[in-house]
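Q: protein.txt is reproduced in full below (compact mmCIF, C-alpha atoms).
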# COMPACT_ATOMS: atom_id res chain seq x y z
CA MET A 1 0.00 0.00 0.00
CA THR A 2 2.66 2.45 1.00
CA ASN A 3 4.40 2.01 -2.36
CA ARG A 4 1.24 2.37 -4.38
CA THR A 5 1.97 4.55 -7.39
CA TRP A 6 -1.55 4.77 -8.78
CA GLN A 7 -4.77 6.51 -7.79
CA GLY A 8 -7.97 4.51 -7.32
CA ARG A 9 -10.99 6.45 -8.55
CA VAL A 10 -14.69 5.63 -8.37
CA PHE A 11 -17.26 7.19 -10.71
CA ILE A 12 -20.71 5.67 -10.35
CA GLY A 13 -24.43 6.27 -10.33
CA VAL A 14 -26.65 5.16 -7.45
CA SER A 15 -30.28 5.42 -6.48
CA LEU A 16 -31.00 7.55 -3.42
CA ASP A 17 -31.38 4.29 -1.49
CA GLY A 18 -27.85 3.27 -2.44
CA TYR A 19 -28.26 0.70 -5.21
CA ILE A 20 -26.20 0.54 -8.40
CA ALA A 21 -28.57 -1.95 -10.07
CA ARG A 22 -31.86 -3.75 -9.55
CA PRO A 23 -31.73 -7.34 -8.25
CA ASP A 24 -31.63 -8.56 -11.90
CA GLY A 25 -28.88 -6.06 -12.81
CA GLY A 26 -31.23 -3.58 -14.49
CA ILE A 27 -30.22 0.07 -14.63
CA ASP A 28 -33.28 1.45 -16.44
CA TRP A 29 -33.99 3.71 -13.44
CA LEU A 30 -30.64 5.38 -14.15
CA THR A 31 -30.49 5.39 -17.96
CA ASP A 32 -34.16 5.80 -18.80
CA PRO A 33 -36.08 7.35 -15.93
CA PRO A 34 -39.77 8.06 -16.49
CA ALA A 35 -40.43 11.74 -16.94
CA LEU A 36 -43.62 11.82 -14.84
CA GLY A 37 -43.83 15.54 -15.43
CA ARG A 38 -41.12 16.07 -12.90
CA ASP A 39 -39.75 19.57 -12.77
CA HIS A 40 -36.39 19.39 -11.07
CA GLN A 41 -35.16 22.57 -9.54
CA GLU A 42 -32.16 24.05 -11.27
CA VAL A 43 -29.37 24.37 -8.73
CA ALA A 44 -26.18 26.01 -9.82
CA SER A 45 -23.04 25.62 -7.78
CA THR A 46 -19.64 27.19 -7.80
CA GLU A 47 -17.70 23.94 -7.69
CA PRO A 48 -18.98 21.25 -10.04
CA ALA A 49 -18.23 17.61 -9.31
CA ILE A 50 -15.97 15.73 -11.69
CA GLU A 51 -17.84 14.90 -14.88
CA TRP A 52 -17.50 11.88 -17.13
CA GLU A 53 -15.91 13.86 -19.96
CA THR A 54 -13.09 14.87 -17.63
CA PHE A 55 -12.84 11.62 -15.70
CA TYR A 56 -12.79 9.02 -18.43
CA PRO A 57 -9.83 10.25 -20.51
CA GLU A 58 -7.71 10.46 -17.36
CA VAL A 59 -7.98 6.78 -16.42
CA GLY A 60 -5.75 4.22 -18.11
CA HIS A 61 -6.86 1.11 -16.24
CA LEU A 62 -10.23 -0.24 -15.19
CA VAL A 63 -10.91 -2.84 -12.54
CA MET A 64 -14.43 -4.28 -12.49
CA GLY A 65 -16.23 -7.36 -11.21
CA ARG A 66 -17.98 -10.04 -13.19
CA GLY A 67 -21.39 -8.41 -12.72
CA THR A 68 -20.25 -5.14 -14.25
CA TYR A 69 -18.38 -6.96 -17.02
CA GLU A 70 -21.47 -8.95 -17.97
CA LYS A 71 -23.55 -5.77 -17.96
CA VAL A 72 -21.04 -4.11 -20.30
CA LEU A 73 -21.25 -7.10 -22.66
CA THR A 74 -24.95 -6.27 -23.22
CA PHE A 75 -24.02 -2.86 -24.64
CA ASP A 76 -23.83 -2.49 -28.44
CA ASP A 77 -20.10 -1.82 -28.43
CA TRP A 78 -17.17 -2.58 -26.17
CA PRO A 79 -16.65 0.86 -24.68
CA TYR A 80 -13.13 0.42 -23.31
CA ARG A 81 -10.96 0.01 -26.43
CA ASP A 82 -8.28 2.39 -25.24
CA LYS A 83 -8.12 1.09 -21.64
CA GLN A 84 -6.45 -1.79 -19.84
CA VAL A 85 -9.36 -3.71 -18.31
CA ILE A 86 -8.98 -6.12 -15.41
CA VAL A 87 -11.99 -8.27 -14.42
CA LEU A 88 -11.81 -9.53 -10.86
CA SER A 89 -13.55 -12.91 -10.79
CA THR A 90 -12.84 -16.37 -9.42
CA THR A 91 -15.17 -18.05 -11.95
CA LEU A 92 -15.10 -16.15 -15.25
CA ALA A 93 -13.48 -18.07 -18.14
CA ASP A 94 -10.38 -16.25 -19.40
CA THR A 95 -11.42 -16.18 -23.07
CA ASP A 96 -11.95 -12.49 -23.87
CA ASP A 97 -8.79 -10.89 -25.26
CA ARG A 98 -10.09 -7.42 -24.42
CA VAL A 99 -9.76 -8.04 -20.68
CA ARG A 100 -7.38 -9.69 -18.24
CA VAL A 101 -9.04 -11.83 -15.60
CA ALA A 102 -7.60 -11.59 -12.10
CA ARG A 103 -8.52 -14.32 -9.62
CA SER A 104 -7.79 -12.27 -6.50
CA LEU A 105 -7.30 -8.72 -5.34
CA THR A 106 -3.58 -9.44 -5.02
CA GLU A 107 -3.42 -10.62 -8.62
CA ALA A 108 -5.29 -7.48 -9.75
CA LEU A 109 -2.84 -5.29 -7.84
CA ASP A 110 0.11 -7.15 -9.37
CA ARG A 111 -1.31 -6.50 -12.82
CA LEU A 112 -1.76 -2.80 -12.05
CA GLU A 113 1.83 -2.67 -10.86
CA ALA A 114 3.12 -4.53 -13.92
CA GLY A 115 1.05 -2.26 -16.16
CA ARG A 116 2.53 0.85 -14.53
CA ALA A 117 -0.97 2.06 -13.74
CA SER A 118 -1.44 5.71 -12.91
CA GLN A 119 -5.18 6.41 -12.73
CA VAL A 120 -7.39 3.39 -12.05
CA TYR A 121 -11.16 3.43 -12.57
CA VAL A 122 -12.59 1.16 -9.88
CA ASP A 123 -16.07 0.04 -10.95
CA GLY A 124 -18.91 -2.13 -9.68
CA GLY A 125 -20.27 -2.68 -6.19
CA ARG A 126 -18.16 -5.56 -4.93
CA VAL A 127 -14.93 -4.27 -6.44
CA VAL A 128 -15.52 -0.81 -4.99
CA GLN A 129 -16.19 -2.44 -1.62
CA ALA A 130 -13.02 -4.56 -1.79
CA PHE A 131 -10.84 -1.63 -2.84
CA LEU A 132 -12.36 0.64 -0.18
CA ALA A 133 -11.84 -1.93 2.58
CA ALA A 134 -8.20 -2.30 1.49
CA GLY A 135 -7.58 1.46 1.42
CA LEU A 136 -7.13 1.53 -2.36
CA VAL A 137 -9.67 4.22 -3.25
CA ASP A 138 -8.57 7.86 -3.31
CA GLU A 139 -11.53 9.58 -4.90
CA ILE A 140 -15.26 8.89 -5.15
CA THR A 141 -17.60 10.67 -7.53
CA ILE A 142 -21.22 9.68 -7.03
CA GLY A 143 -24.22 10.67 -9.06
CA THR A 144 -27.34 10.13 -6.97
CA ALA A 145 -30.48 9.60 -9.02
CA PRO A 146 -33.79 11.03 -7.72
CA VAL A 147 -35.46 7.66 -7.18
CA LEU A 148 -35.81 4.91 -4.58
CA ILE A 149 -35.76 1.50 -6.27
CA GLY A 150 -36.41 -0.49 -3.11
CA ALA A 151 -34.05 -3.42 -3.72
CA GLY A 152 -30.92 -4.27 -5.67
CA ARG A 153 -27.16 -4.44 -5.62
CA PRO A 154 -25.70 -2.02 -3.10
CA LEU A 155 -22.81 0.29 -3.86
CA PHE A 156 -21.34 0.09 -0.38
CA GLY A 157 -20.96 -2.91 1.88
CA ASN A 158 -20.04 -3.79 5.42
CA MET A 159 -16.74 -2.50 6.74
CA ASP A 160 -15.24 -2.76 10.20
CA HIS A 161 -13.92 0.79 10.22
CA ASP A 162 -15.04 4.27 9.23
CA VAL A 163 -13.81 5.80 6.01
CA HIS A 164 -13.65 9.57 6.23
CA LEU A 165 -14.20 11.71 3.21
CA GLU A 166 -13.43 15.25 2.23
CA LEU A 167 -16.00 16.96 0.08
CA ARG A 168 -14.40 18.40 -3.02
CA ALA A 169 -17.34 19.46 -5.16
CA SER A 170 -21.06 19.03 -5.74
CA HIS A 171 -23.55 20.05 -8.35
CA VAL A 172 -26.98 19.12 -9.62
CA SER A 173 -27.83 18.22 -13.21
CA ALA A 174 -31.04 19.03 -15.05
CA SER A 175 -32.25 15.44 -14.58
CA GLY A 176 -32.28 15.93 -10.82
CA MET A 177 -29.11 13.97 -10.17
CA VAL A 178 -26.85 15.20 -7.38
CA HIS A 179 -23.19 14.77 -8.32
CA THR A 180 -20.60 14.87 -5.58
CA THR A 181 -16.85 14.31 -5.58
CA TYR A 182 -15.06 13.23 -2.39
CA ARG A 183 -11.44 12.66 -1.58
CA VAL A 184 -10.91 9.62 0.64
CA VAL A 185 -8.96 10.58 3.75
CA PRO A 186 -6.16 8.01 4.05
CA THR A 187 -6.47 5.76 7.10
CA PRO A 188 -3.27 4.30 8.46
CA PRO A 189 -3.40 0.50 8.23
CA VAL A 190 -4.70 -0.77 11.57
CA ALA A 191 -1.99 -3.39 11.99
CA SER A 192 0.95 -1.06 11.54
CA THR A 193 -0.64 1.60 13.75
CA SER A 194 -1.01 -0.77 16.68
CA VAL A 195 2.50 -2.11 16.29
CA GLY A 196 5.01 0.40 17.55
CA ALA A 197 2.55 3.21 18.18
CA SER A 198 2.68 2.73 21.95
CA GLY A 199 5.98 2.12 23.65
CA ASP A 200 4.69 0.50 26.82
CA ALA A 201 3.33 -2.80 25.47
CA MET B 1 -54.91 8.19 1.56
CA THR B 2 -56.96 10.25 -0.80
CA ASN B 3 -58.46 12.20 2.07
CA ARG B 4 -55.16 12.82 3.78
CA THR B 5 -55.08 16.41 4.99
CA TRP B 6 -51.52 16.50 6.27
CA GLN B 7 -48.07 16.50 4.74
CA GLY B 8 -45.52 13.86 5.72
CA ARG B 9 -42.02 15.33 5.88
CA VAL B 10 -38.68 13.65 6.49
CA PHE B 11 -35.63 15.55 7.73
CA ILE B 12 -32.72 13.29 8.55
CA GLY B 13 -28.98 12.83 8.49
CA VAL B 14 -27.33 9.78 6.92
CA SER B 15 -23.85 8.53 6.25
CA LEU B 16 -22.85 8.31 2.60
CA ASP B 17 -23.45 4.57 2.85
CA GLY B 18 -27.04 5.16 3.95
CA TYR B 19 -27.07 4.60 7.70
CA ILE B 20 -28.83 6.77 10.26
CA ALA B 21 -27.05 5.17 13.21
CA ARG B 22 -24.37 2.63 14.04
CA PRO B 23 -25.50 -0.91 14.99
CA ASP B 24 -25.60 0.21 18.67
CA GLY B 25 -27.56 3.37 17.81
CA GLY B 26 -24.54 5.69 17.98
CA ILE B 27 -24.60 8.90 15.96
CA ASP B 28 -21.17 10.25 16.92
CA TRP B 29 -20.14 10.17 13.24
CA LEU B 30 -22.89 12.73 12.63
CA THR B 31 -22.74 14.90 15.73
CA ASP B 32 -19.04 14.78 16.51
CA PRO B 33 -17.02 13.93 13.40
CA PRO B 34 -13.23 13.85 13.77
CA ALA B 35 -11.64 16.85 12.11
CA LEU B 36 -8.72 14.93 10.60
CA GLY B 37 -7.52 18.14 9.01
CA ARG B 38 -10.22 17.81 6.41
CA ASP B 39 -10.66 20.85 4.24
CA HIS B 40 -14.09 20.58 2.67
CA GLN B 41 -14.59 22.54 -0.48
CA GLU B 42 -16.97 25.44 -0.10
CA VAL B 43 -19.79 24.97 -2.58
CA ALA B 44 -22.35 27.69 -2.85
CA SER B 45 -25.66 27.01 -4.55
CA THR B 46 -28.54 29.11 -5.70
CA GLU B 47 -31.24 26.97 -4.12
CA PRO B 48 -30.49 25.83 -0.58
CA ALA B 49 -32.19 22.73 0.80
CA ILE B 50 -34.66 23.17 3.64
CA GLU B 51 -32.80 23.84 6.88
CA TRP B 52 -33.71 22.78 10.40
CA GLU B 53 -34.51 26.35 11.51
CA THR B 54 -37.17 26.53 8.81
CA PHE B 55 -38.37 22.96 9.00
CA TYR B 56 -38.86 22.45 12.71
CA PRO B 57 -41.24 25.32 13.51
CA GLU B 58 -43.48 24.25 10.64
CA VAL B 59 -44.22 20.76 11.95
CA GLY B 60 -46.88 20.24 14.60
CA HIS B 61 -46.71 16.47 14.90
CA LEU B 62 -43.89 13.96 15.04
CA VAL B 63 -44.09 10.25 14.39
CA MET B 64 -41.07 8.21 15.43
CA GLY B 65 -40.20 4.62 16.24
CA ARG B 66 -39.02 3.16 19.52
CA GLY B 67 -35.36 3.34 18.46
CA THR B 68 -35.52 7.07 17.81
CA TYR B 69 -37.57 7.66 20.96
CA GLU B 70 -35.00 5.84 23.10
CA LYS B 71 -32.21 7.83 21.46
CA VAL B 72 -34.02 11.08 22.27
CA LEU B 73 -34.38 9.98 25.91
CA THR B 74 -30.57 10.03 26.18
CA PHE B 75 -30.50 13.75 25.37
CA ASP B 76 -30.27 16.23 28.25
CA ASP B 77 -33.70 17.69 27.59
CA TRP B 78 -36.89 16.54 25.94
CA PRO B 79 -36.67 18.55 22.73
CA TYR B 80 -40.28 18.32 21.57
CA ARG B 81 -42.20 20.29 24.22
CA ASP B 82 -44.28 22.17 21.69
CA LYS B 83 -45.07 19.17 19.46
CA GLN B 84 -47.53 16.31 19.45
CA VAL B 85 -45.34 13.20 19.51
CA ILE B 86 -46.55 9.76 18.44
CA VAL B 87 -44.27 6.77 19.08
CA LEU B 88 -45.02 3.81 16.84
CA SER B 89 -44.21 0.67 18.82
CA THR B 90 -45.86 -2.64 19.58
CA THR B 91 -43.82 -3.14 22.77
CA LEU B 92 -43.16 0.24 24.42
CA ALA B 93 -44.96 0.74 27.75
CA ASP B 94 -47.40 3.66 27.52
CA THR B 95 -46.10 5.52 30.58
CA ASP B 96 -44.60 8.74 29.21
CA ASP B 97 -47.14 11.59 29.21
CA ARG B 98 -45.07 13.52 26.68
CA VAL B 99 -45.86 11.03 23.93
CA ARG B 100 -48.75 8.94 22.65
CA VAL B 101 -47.91 5.35 21.82
CA ALA B 102 -49.50 3.93 18.68
CA ARG B 103 -49.50 0.16 18.24
CA SER B 104 -49.95 0.19 14.48
CA LEU B 105 -49.64 2.47 11.48
CA THR B 106 -53.43 2.66 11.34
CA GLU B 107 -53.59 3.80 14.95
CA ALA B 108 -50.91 6.43 14.26
CA LEU B 109 -52.88 7.70 11.26
CA ASP B 110 -56.07 7.84 13.33
CA ARG B 111 -54.26 9.95 15.92
CA LEU B 112 -52.95 12.32 13.25
CA GLU B 113 -56.48 12.65 11.90
CA ALA B 114 -57.95 13.22 15.39
CA GLY B 115 -55.20 15.75 16.12
CA ARG B 116 -55.97 17.66 12.91
CA ALA B 117 -52.36 17.28 11.85
CA SER B 118 -51.07 19.58 9.16
CA GLN B 119 -47.30 19.09 8.91
CA VAL B 120 -45.98 15.77 10.21
CA TYR B 121 -42.30 15.16 10.91
CA VAL B 122 -41.69 11.49 10.07
CA ASP B 123 -38.53 10.35 11.86
CA GLY B 124 -36.43 7.21 12.25
CA GLY B 125 -35.55 4.49 9.79
CA ARG B 126 -38.39 2.03 10.21
CA VAL B 127 -41.07 4.70 10.48
CA VAL B 128 -39.75 6.47 7.38
CA GLN B 129 -39.78 3.11 5.58
CA ALA B 130 -43.35 2.34 6.66
CA PHE B 131 -44.63 5.79 5.72
CA LEU B 132 -42.83 5.69 2.36
CA ALA B 133 -44.19 2.26 1.49
CA ALA B 134 -47.69 3.48 2.32
CA GLY B 135 -47.35 6.64 0.21
CA LEU B 136 -47.47 8.93 3.26
CA VAL B 137 -44.28 10.93 2.66
CA ASP B 138 -44.43 14.10 0.59
CA GLU B 139 -41.01 15.60 1.16
CA ILE B 140 -37.56 14.27 2.04
CA THR B 141 -34.67 16.43 3.19
CA ILE B 142 -31.48 14.46 3.60
CA GLY B 143 -28.16 15.63 4.96
CA THR B 144 -25.45 13.25 3.79
CA ALA B 145 -22.38 13.20 6.02
CA PRO B 146 -18.95 12.77 4.41
CA VAL B 147 -18.22 9.40 5.99
CA LEU B 148 -18.77 5.67 5.42
CA ILE B 149 -19.55 3.95 8.73
CA GLY B 150 -19.66 0.44 7.28
CA ALA B 151 -22.63 -0.93 9.25
CA GLY B 152 -25.70 0.27 11.07
CA ARG B 153 -29.39 1.04 10.86
CA PRO B 154 -30.39 1.89 7.30
CA LEU B 155 -32.53 4.87 6.40
CA PHE B 156 -34.27 3.13 3.53
CA GLY B 157 -35.58 -0.42 3.33
CA ASN B 158 -36.96 -2.88 0.83
CA MET B 159 -39.93 -1.77 -1.23
CA ASP B 160 -41.71 -3.56 -4.05
CA HIS B 161 -42.11 -0.43 -6.16
CA ASP B 162 -40.07 2.59 -7.22
CA VAL B 163 -40.62 5.92 -5.53
CA HIS B 164 -39.85 8.81 -7.85
CA LEU B 165 -38.54 12.06 -6.51
CA GLU B 166 -38.32 15.59 -7.75
CA LEU B 167 -35.24 17.49 -6.73
CA ARG B 168 -36.18 20.78 -5.12
CA ALA B 169 -32.92 22.09 -3.72
CA SER B 170 -29.39 21.15 -2.71
CA HIS B 171 -26.54 22.79 -0.93
CA VAL B 172 -23.36 21.93 0.91
CA SER B 173 -22.46 23.02 4.42
CA ALA B 174 -19.03 23.88 5.72
CA SER B 175 -18.80 20.49 7.45
CA GLY B 176 -18.94 18.76 4.08
CA MET B 177 -22.55 17.64 4.40
CA VAL B 178 -24.63 17.60 1.25
CA HIS B 179 -28.19 18.71 1.96
CA THR B 180 -30.88 17.89 -0.55
CA THR B 181 -34.64 18.38 -0.53
CA TYR B 182 -36.88 16.18 -2.68
CA ARG B 183 -40.60 16.19 -3.33
CA VAL B 184 -42.04 12.68 -3.48
CA VAL B 185 -43.95 12.17 -6.72
CA PRO B 186 -47.31 10.67 -5.75
CA THR B 187 -47.80 7.11 -6.97
CA PRO B 188 -51.38 5.99 -7.54
CA PRO B 189 -52.18 3.06 -5.23
CA VAL B 190 -51.49 -0.13 -7.17
CA ALA B 191 -54.77 -1.80 -6.26
CA SER B 192 -57.03 0.99 -7.47
CA THR B 193 -54.99 1.44 -10.64
CA SER B 194 -55.41 -2.17 -11.67
CA VAL B 195 -59.12 -2.16 -10.89
CA GLY B 196 -60.98 -0.34 -13.62
CA ALA B 197 -57.92 0.76 -15.57
CA SER B 198 -58.49 -1.85 -18.25
CA GLY B 199 -62.00 -2.52 -19.54
CA ASP B 200 -61.40 -5.99 -20.93
CA ALA B 201 -60.87 -8.00 -17.75
Would it be possible to restate this file's structure as structure tokens?
A:
Amino acid sequence: MTNRTWQGRVFIGVSLDGYIARPDGGIDWLTDPPALGRDHQEVASTEPAIEWETFYPEVGHLVMGRGTYEKVLTFDDWPYRDKQVIVLSTTLADTDDRVRVARSLTEALDRLEAGRASQVYVDGGRVVQAFLAAGLVDEITIGTAPVLIGAGRPLFGNMDHDVHLELRASHVSASGMVHTTYRVVPTPPVASTSVGASGDA
Amino acid sequence: MTNRTWQGRVFIGVSLDGYIARPDGGIDWLTDPPALGRDHQEVASTEPAIEWETFYPEVGHLVMGRGTYEKVLTFDDWPYRDKQVIVLSTTLADTDDRVRVARSLTEALDRLEAGRASQVYVDGGRVVQAFLAAGLVDEITIGTAPVLIGAGRPLFGNMDHDVHLELRASHVSASGMVHTTYRVVPTPPVASTSVGASGDA
């Protein structure tokens, strides 16, 4: 961790109740919300959150889970031609030349190291959770959609420690989404803090 | 529902991962966040979310669950002297003159009706969930704290239908909290929509 040379960055859409997809993986609520005559208030802000057009060209590597990978396969085109894509999965067959399959977080990190990664796009619920728990996320940009979907795949998961964030920017788009960018405040690894931190053990 | 004469309003703080309290009920992460040298970006906005100083005087009734009630009992003073407070609980002993205990949602609604409620402050995770599922929430103001606490009592729960929201306002406070006010888009009750909506049954 201490020698990590790359930045882990999250850029993701969630429902207000914290889901990135319905139980069946559907993201219609995000991509195709019903209009319902909703009239979202226009809210300008002085400090806009990071937007896709800025974010995407900056990342050279992507790490995603099998769920996200299989969702991307349903799109018309493979959207990541110019990126190094690592799929973290213990079960996925390693037959797609466009991606490298990593069987463990350690293997994914080795690949990032070998690939001289600089900016890493960390995508999908379980991968975000694993990277967050391991202290490998530096920045989180969340777009919160104005809907409760009631069930689905959560963005965040259980952790045994707090992760503190620093708000960097926030703005609202015309579709009623609230976009916010946070910097993750680095937490010293618990093990190395407890060893040597007190001299009277 | 159709004859409801009052507005259900939610005003609540959550962690970015959607919890209103730690597993033991603790809200230190909300009330007493560590400074950690965090330098939150100042983000001005043209349309500030509803603030407590505006919200609180407008509500005449509160409905809360036992968890929230017991949390409030730990405060130095009873904060709701000038409000009608209904505690929704099947188990709580009815011995506190400052509140009325309702054993069911129906009983709580009857009390609101009898009390000629106008603006109702709906508080606590399970009560918010029950009111939302029953279409009894009109407005949600959420303050999202810049922290992931990893486990706890969730604000939102499972629902079998989407709830659509209209963004009314959003702003950021100096502590890095993102405040957002939504209007709940009324959903026609499923049962009455399916009856009579199609003539060929």
Q: Would you work out the distance separating atom CA of A:Leu73 from atom CA of A:Asp110, expressed in Å to one decimal?
A: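 Distance between the two atoms: 25.2 Å.
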Q: Up to 6 Å from chain B, what residues of chain A turn up? Count all atoms listed in the file and give them as a VMD selection string.
A: chain A and resid 17 38 40 to 41 43 to 47 146 to 151 156 158 to 159 162 to 168 176
Q: I'd like the contact shell of A:His61 - 6 Å cut-off, only C-alpha atoms, skipping same-chain residues fewer than 3 positions apart - returned as a ChimeraX atom specification.
A: /A:83-85,120
Q: Give me, please, the distance in Å between atom CA of B:Val87 and atom CA of B:Leu136, quoted to one decimal.
A: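 Taking atom CA of B:Val87 and atom CA of B:Leu136, their separation equals 16.3 Å.
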Q: For a test of reading the model, state the distance in Å between atom CA of A:Thr90 and atom CA of A:Thr106, rounded to one decimal.
A: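 If I compute the distance from atom CA of A:Thr90 to atom CA of A:Thr106, I get 12.4 Å.
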Q: Nearest residue to B:Val127 out of B:Arg22, B:Ala49, B:Tyr69, B:Gly13, using only C-alpha atoms?
A: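 Counting only C-alpha atoms, the residue closest to B:Val127 is B:Tyr69.
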Q: Could you check which of B:Asp24, B:Asp123, B:Asp94, B:Glu53 is closest to B:Gly65, using only C-alpha atoms?
A: B:Asp123
